[in-house]
Every structure is written in C-alpha cells, then in structure tokens.
$ cat model-v7.pdb   # PDB, C-alpha atoms
ATOM      1  CA  MET A 215       0.000   0.000   0.000
ATOM      2  CA  ARG A 216       0.995   3.584  -0.501
ATOM      3  CA  ILE A 217       0.234   6.820   1.259
ATOM      4  CA  ILE A 218       0.455   9.612  -1.294
ATOM      5  CA  LEU A 219       0.583  13.136   0.072
ATOM      6  CA  VAL A 220       0.014  16.300  -1.924
ATOM      7  CA  ARG A 221       0.647  19.752  -0.566
ATOM      8  CA  HIS A 222      -2.216  22.053  -1.506
ATOM      9  CA  GLY A 223      -1.776  24.388  -4.447
ATOM     10  CA  LEU A 224      -0.386  27.886  -4.145
ATOM     11  CA  SER A 225      -2.723  29.901  -1.926
ATOM     12  CA  GLU A 226      -3.547  33.567  -1.486
ATOM     13  CA  ALA A 227      -1.667  33.431   1.830
ATOM     14  CA  ASN A 228       1.437  31.931   0.186
ATOM     15  CA  ILE A 229       1.515  34.818  -2.292
ATOM     16  CA  SER A 230       0.748  37.547   0.246
ATOM     17  CA  ARG A 231       2.965  35.998   2.947
ATOM     18  CA  PHE A 232       0.500  35.761   5.787
ATOM     19  CA  TYR A 233      -0.504  32.993   8.175
ATOM     20  CA  SER A 234      -3.445  31.273   6.505
ATOM     21  CA  LEU A 235      -6.961  31.237   7.827
ATOM     22  CA  GLU A 236      -9.253  28.200   7.578
ATOM     23  CA  ASP A 237     -11.010  29.686   4.543
ATOM     24  CA  THR A 238      -7.889  30.817   2.664
ATOM     25  CA  VAL A 239      -8.344  29.864  -0.992
ATOM     26  CA  LEU A 240      -6.006  28.898  -3.807
ATOM     27  CA  HIS A 241      -4.471  31.497  -6.082
ATOM     28  CA  GLU A 242      -5.070  30.844  -9.773
ATOM     29  CA  SER A 243      -1.383  31.329 -10.592
ATOM     30  CA  GLY A 244      -0.698  27.932  -9.005
ATOM     31  CA  TYR A 245      -3.161  25.958 -11.124
ATOM     32  CA  SER A 246      -0.538  25.006 -13.726
ATOM     33  CA  VAL A 247       1.520  23.234 -11.055
ATOM     34  CA  LEU A 248      -1.585  21.287 -10.063
ATOM     35  CA  ASN A 249      -2.001  20.197 -13.683
ATOM     36  CA  ASN A 250       1.467  18.609 -13.414
ATOM     37  CA  THR A 251       0.526  17.103 -10.055
ATOM     38  CA  LYS A 252      -2.586  15.580 -11.621
ATOM     39  CA  ARG A 253      -0.486  13.974 -14.381
ATOM     40  CA  ASN A 254       2.001  12.622 -11.829
ATOM     41  CA  LEU A 255      -0.822  11.074  -9.803
ATOM     42  CA  GLU A 256      -2.077   9.089 -12.807
ATOM     43  CA  LYS A 257       0.481   6.346 -12.161
ATOM     44  CA  TYR A 258      -1.051   5.575  -8.757
ATOM     45  CA  ASP A 259      -4.156   3.496  -8.230
ATOM     46  CA  ILE A 260      -5.856   5.567  -5.521
ATOM     47  CA  ASP A 261      -8.524   3.853  -3.424
ATOM     48  CA  GLN A 262      -9.445   6.615  -0.968
ATOM     49  CA  VAL A 263      -8.873  10.374  -0.700
ATOM     50  CA  TYR A 264      -8.505  12.365   2.525
ATOM     51  CA  VAL A 265      -8.314  16.134   2.853
ATOM     52  CA  SER A 266      -7.858  18.504   5.752
ATOM     53  CA  GLU A 267     -10.646  20.698   7.078
ATOM     54  CA  LEU A 268      -9.069  23.711   5.387
ATOM     55  CA  LYS A 269     -10.583  25.112   2.198
ATOM     56  CA  ARG A 270      -7.355  25.155   0.161
ATOM     57  CA  SER A 271      -6.821  21.394   0.528
ATOM     58  CA  GLN A 272     -10.395  20.665  -0.545
ATOM     59  CA  GLN A 273     -10.048  22.972  -3.566
ATOM     60  CA  THR A 274      -6.805  21.225  -4.492
ATOM     61  CA  ALA A 275      -8.441  17.775  -4.345
ATOM     62  CA  GLU A 276     -11.245  18.988  -6.609
ATOM     63  CA  ILE A 277      -8.825  20.535  -9.130
ATOM     64  CA  LEU A 278      -6.974  17.203  -9.148
ATOM     65  CA  GLY A 279     -10.276  15.520 -10.054
ATOM     66  CA  PHE A 280     -11.131  14.030  -6.655
ATOM     67  CA  ASN A 281     -14.570  15.200  -5.533
ATOM     68  CA  ASP A 282     -15.344  12.215  -3.321
ATOM     69  CA  TYR A 283     -13.114  12.727  -0.286
ATOM     70  CA  ILE A 284     -13.133  12.335   3.470
ATOM     71  CA  ILE A 285     -12.273  15.309   5.675
ATOM     72  CA  ASP A 286      -9.916  14.494   8.537
ATOM     73  CA  LYS A 287      -8.676  17.248  10.827
ATOM     74  CA  ARG A 288      -5.601  15.217  11.811
ATOM     75  CA  ILE A 289      -3.981  16.259   8.504
ATOM     76  CA  ASN A 290      -4.691  19.975   9.052
ATOM     77  CA  GLU A 291      -1.856  22.465   8.948
ATOM     78  CA  LEU A 292      -0.195  23.507  12.197
ATOM     79  CA  ASP A 293      -2.618  25.761  14.095
ATOM     80  CA  PHE A 294      -0.852  29.128  14.224
ATOM     81  CA  GLY A 295      -3.414  30.383  16.760
ATOM     82  CA  ASP A 296      -3.346  34.147  17.258
ATOM     83  CA  PHE A 297      -0.991  34.593  14.292
ATOM     84  CA  LYS A 298      -3.611  33.476  11.746
ATOM     85  CA  GLY A 299      -4.482  36.173   9.239
ATOM     86  CA  LYS A 300      -1.414  38.264  10.126
ATOM     87  CA  PHE A 301       1.526  39.009   7.853
ATOM     88  CA  PHE A 302       4.802  37.139   8.482
ATOM     89  CA  ASP A 303       6.923  40.283   8.515
ATOM     90  CA  ASP A 304       4.633  42.059  10.998
ATOM     91  CA  ILE A 305       4.557  39.111  13.390
ATOM     92  CA  LYS A 306       8.364  38.719  13.239
ATOM     93  CA  LYS A 307       8.667  42.348  14.431
ATOM     94  CA  GLU A 308       5.879  42.171  17.015
ATOM     95  CA  GLU A 309       6.661  38.762  18.519
ATOM     96  CA  ILE A 310      10.453  38.863  18.881
ATOM     97  CA  ASP A 311      10.342  37.008  22.205
ATOM     98  CA  PHE A 312       8.266  34.157  20.749
ATOM     99  CA  PHE A 313      10.690  33.598  17.869
ATOM    100  CA  GLU A 314      13.703  33.735  20.190
ATOM    101  CA  ARG A 315      12.104  31.058  22.395
ATOM    102  CA  GLN A 316      11.253  29.059  19.272
ATOM    103  CA  LYS A 317      14.946  28.952  18.325
ATOM    104  CA  GLU A 318      15.650  27.322  21.688
ATOM    105  CA  ASP A 319      12.804  24.795  21.607
ATOM    106  CA  LEU A 320      11.474  24.516  18.050
ATOM    107  CA  PHE A 321       9.356  21.406  18.568
ATOM    108  CA  ASN A 322       7.686  22.186  21.903
ATOM    109  CA  ILE A 323       6.846  25.878  21.764
ATOM    110  CA  LYS A 324       3.170  26.416  21.040
ATOM    111  CA  TYR A 325       1.979  29.287  18.917
ATOM    112  CA  PRO A 326      -0.177  31.583  21.093
ATOM    113  CA  ALA A 327      -3.619  29.874  21.297
ATOM    114  CA  GLY A 328      -2.308  27.319  18.778
ATOM    115  CA  GLU A 329      -0.155  24.216  18.474
ATOM    116  CA  SER A 330       3.467  23.149  18.621
ATOM    117  CA  ILE A 331       5.272  21.196  15.914
ATOM    118  CA  ASN A 332       5.263  18.176  18.250
ATOM    119  CA  ASP A 333       1.459  18.459  18.417
ATOM    120  CA  VAL A 334       1.312  18.211  14.614
ATOM    121  CA  ILE A 335       3.781  15.320  14.497
ATOM    122  CA  LYS A 336       1.672  13.464  17.082
ATOM    123  CA  ARG A 337      -1.689  13.921  15.337
ATOM    124  CA  THR A 338      -0.383  13.224  11.828
ATOM    125  CA  SER A 339       1.488  10.157  13.119
ATOM    126  CA  GLU A 340      -1.726   8.839  14.663
ATOM    127  CA  PHE A 341      -3.512   9.323  11.334
ATOM    128  CA  PHE A 342      -0.767   7.639   9.268
ATOM    129  CA  GLU A 343      -0.328   4.795  11.734
ATOM    130  CA  GLU A 344      -4.067   4.093  11.520
ATOM    131  CA  LYS A 345      -4.163   4.320   7.717
ATOM    132  CA  SER A 346      -1.023   2.190   7.284
ATOM    133  CA  LYS A 347      -2.989  -0.777   8.676
ATOM    134  CA  GLU A 348      -5.454  -0.621   5.777
ATOM    135  CA  ASP A 349      -4.686  -2.357   2.532
ATOM    136  CA  LYS A 350      -5.466   0.690   0.384
ATOM    137  CA  ASN A 351      -3.572   3.287  -1.567
ATOM    138  CA  ILE A 352      -4.642   6.587  -0.080
ATOM    139  CA  LEU A 353      -4.189  10.141  -1.264
ATOM    140  CA  CYS A 354      -3.977  12.869   1.372
ATOM    141  CA  VAL A 355      -4.224  16.508   0.331
ATOM    142  CA  SER A 356      -2.662  18.415   3.171
ATOM    143  CA  HIS A 357      -0.223  21.195   4.083
ATOM    144  CA  GLY A 358       3.498  21.899   4.260
ATOM    145  CA  ILE A 359       4.127  21.438   7.972
ATOM    146  CA  ALA A 360       1.654  18.552   8.259
ATOM    147  CA  ILE A 361       3.371  16.668   5.417
ATOM    148  CA  LYS A 362       6.802  17.545   6.756
ATOM    149  CA  SER A 363       5.649  16.165  10.135
ATOM    150  CA  SER A 364       4.615  12.925   8.469
ATOM    151  CA  LEU A 365       8.206  12.409   7.310
ATOM    152  CA  PHE A 366       9.175  12.239  10.961
ATOM    153  CA  TRP A 367       6.591   9.531  11.551
ATOM    154  CA  LEU A 368       9.031   7.439   9.530
ATOM    155  CA  LEU A 369      12.366   9.051  10.270
ATOM    156  CA  GLU A 370      11.798   9.557  14.008
ATOM    157  CA  ASP A 371      14.860  11.805  14.053
ATOM    158  CA  LYS A 372      14.043  15.487  14.155
ATOM    159  CA  GLU A 373      17.665  16.583  13.674
ATOM    160  CA  ASN A 374      17.056  17.269   9.999
ATOM    161  CA  TRP A 375      13.710  19.086  10.350
ATOM    162  CA  GLN A 376      15.050  22.316   8.843
ATOM    163  CA  ARG A 377      16.438  20.511   5.768
ATOM    164  CA  PHE A 378      13.057  19.620   4.314
ATOM    165  CA  TRP A 379      10.969  21.965   2.200
ATOM    166  CA  LEU A 380       7.811  20.972   0.356
ATOM    167  CA  GLU A 381       6.638  22.945  -2.666
ATOM    168  CA  ASN A 382       2.986  23.746  -3.279
ATOM    169  CA  GLY A 383       1.469  20.965  -5.361
ATOM    170  CA  SER A 384       4.334  18.554  -4.653
ATOM    171  CA  ILE A 385       3.874  14.833  -4.070
ATOM    172  CA  THR A 386       5.435  12.802  -1.253
ATOM    173  CA  VAL A 387       4.958   9.022  -1.264
ATOM    174  CA  PHE A 388       5.352   6.423   1.479
ATOM    175  CA  LYS A 389       5.328   2.734   0.585
ATOM    176  CA  ILE A 390       4.269   0.376   3.344
ATOM    177  CA  GLU A 391       4.952  -3.288   2.794
ATOM    178  CA  ASP A 392       5.308  -6.087   5.361
ATOM    179  CA  ASP A 393       5.261  -3.509   8.193
ATOM    180  CA  GLU A 394       8.220  -1.733   6.598
ATOM    181  CA  LYS A 395       7.759   1.974   5.901
ATOM    182  CA  ILE A 396       9.768   3.439   3.037
ATOM    183  CA  ILE A 397       9.951   7.009   1.794
ATOM    184  CA  GLU A 398       9.563   6.511  -1.938
ATOM    185  CA  SER A 399       9.653  10.162  -3.009
ATOM    186  CA  VAL A 400       9.632  13.634  -1.500
ATOM    187  CA  ASN A 401       8.661  16.912  -3.150
ATOM    188  CA  LEU A 402       7.947  15.410  -6.580
ATOM    189  CA  LEU A 403       6.694  18.022  -9.034
TER
END
$ encode --input "model-v7.pdb" --output "structure tokens"
Amino acid sequence: MRIILVRHGLSEANISRFYSLEDTVLHESGYSVLNNTKRNLEKYDIDQVYVSELKRSQQTAEILGFNDYIIDKRINELDFGDFKGKFFDDIKKEEIDFFERQKEDLFNIKYPAGESINDVIKRTSEFFEEKSKEDKNILCVSHGIAIKSSLFWLLEDKENWQRFWLENGSITVFKIEDDEKIIESVNLL
C-alpha cells in the first residue's frame, strides 16, 4: 500500500505571505503546477482520498479531479493560533520574544492559542499509523508542515527538520509493505 501526500496548491496566503486562515483559498497562478501534479498522480491506483478541514486542501483535491473525499482534521496544517491572518513580517517584528524562544525549543513551543510542531507530528502520526494498517492506496491533500511532520513519523529523528521543504502541489509518497515503511519520493513536481 501507498500513502500519497500532496501539498495544496499555491494559496492567497502563500503569495501575500501571511498565516493562513481556515477559509484561505487557492491562487489561480498555481493551477498550472496542479495540472502537473494531476499527471504525476495518474500512475497511482488511488482507493481513498482524505483532505484537511481547510478550504485550500479541498479545492486542491477537486482541481486534481477528486470530488469524493473524506475530511480528517488530523492532517490539518499547524494551528498558528493568534498569528492566523497576520503578515509574516509584521509578526516577526511584534513577537520577537516568541521567535527567540522558538529557536531554543522549536518542537515544543506552542503558537499563542495554537499548536506546537510536536502536536502536529503526534496527530499526523496517529492518522498515518491508523491508515497504514489498511490495505489501500490513499491520497492525502494536506499542508506543508503537516506533510513535513509525516516524514518524521518514519524518520523519528528530528535533527534534519530544517532541511526539508515541500513545494505547493508537490507529491510525497510512502510505501508500506510487510510492516516496513519506506519514503519513496519527496517533493515530486
């Protein structure tokens, strides 16, 4: 079985550089990348599709031709709490103390009224552990940090967290066979 993950298409927040809200939508300039994603997905026999609760992942699934999907909040993006809807540059200036503390404890610091990276790793790991027991190829349309967190469900070593970047519309694939979990591809465009 395979777990195929797609990062949502380029969003309005990605372009404008602000922390996304739940209803942030895709930006049409990213549709061409999703056309490539759709072609790349053709080689997989997908049995079930999961999306996050966030609008941009659902839009992405529909653009990819998957209208019959299951919403699962465990593959939501990291909850940025009070930072949602605010511009990156403004928050970096206003919340200097938060970002200094984050440098010291990247995985455990929670965003104000939000989550920590460890929270996301835990909930995505629970989702992938559950789904890895099914004998189905599943597609998950999710988000950058959520997909990055899923890599550490397999790697279990957070030392290299900063070395991974996932492009909008990219595909990451895990192959699970005989209880062995293999990263087949990362950031395929």
$ residues_near_point --input "model-v7.pdb" --point "(-4.9, 23.8, 14.7)" --cutoff "6 Å" --atoms "all atoms listed in the file" --output "JSON, numbers by chain"
{"A": [292, 293, 328]}
$ atom_distance --input "model-v7.pdb" --atom1 "atom CA of Lys300 of chain A" --atom2 "atom CA of Ile229 of chain A"
13.2 Å
$ atom_distance --input "model-v7.pdb" --atom1 "atom CA of Asn249 of chain A" --atom2 "atom CA of Leu235 of chain A"
24.7 Å
$ atom_distance --input "model-v7.pdb" --atom1 "atom CA of Glu348 of chain A" --atom2 "atom CA of Leu255 of chain A"
20.0 Å
$ resolve_selection --input "model-v7.pdb" --expression "the PyMOL selection byres ((chain A and resi 237-248) around 9)" --output "PyMOL selection string"
chain A and resi 222-229+234-236+249-253+268-271+273-274+277-278+382-384+403
$ resolve_selection --input "model-v7.pdb" --expression "the PyMOL selection byres ((chain A and resi 316-321) around 7)" --output "VMD selection string"
chain A and resid 312 to 315 322 to 323 330 to 332
$ resolve_selection --input "model-v7.pdb" --expression "the PyMOL selection byres ((chain A and resi 343) around 12)" --output "VMD selection string"
chain A and resid 217 288 335 to 342 344 to 348 364 367 to 368 388 390 393 to 395
$ closest_residue --input "model-v7.pdb" --among "A:Ile289, A:Asn254, A:Asn281, A:Arg231" --to "Ser399 of chain A" --atoms "all atoms listed in the file"
A:Asn254
$ residues_near_point --input "model-v7.pdb" --point "(-5.0, 9.4, -4.0)" --cutoff "9 Å" --atoms "only C-alpha atoms" --output "PyMOL selection string"
chain A and resi 217-220+255+258-264+280+351-355
$ closest_residue --input "model-v7.pdb" --among "A:Asp296, A:Tyr283, A:Glu267, A:Ile310" --to "Ser356 of chain A" --atoms "only C-alpha atoms"
A:Glu267
$ closest_residue --input "model-v7.pdb" --among "A:Asp282, A:Glu329, A:Asp303, A:Glu309" --to "Ser230 of chain A" --atoms "all atoms listed in the file"
A:Asp303
$ axis_aligned_box --input "model-v7.pdb" --around "segment 235-249 of chain A" --padding-each-side "6 Å" --output "lines of an AutoDock Vina configuration file"
center_x = -4.7
center_y = 25.8
center_z = -2.9
size_x = 24.5
size_y = 23.3
size_z = 33.6
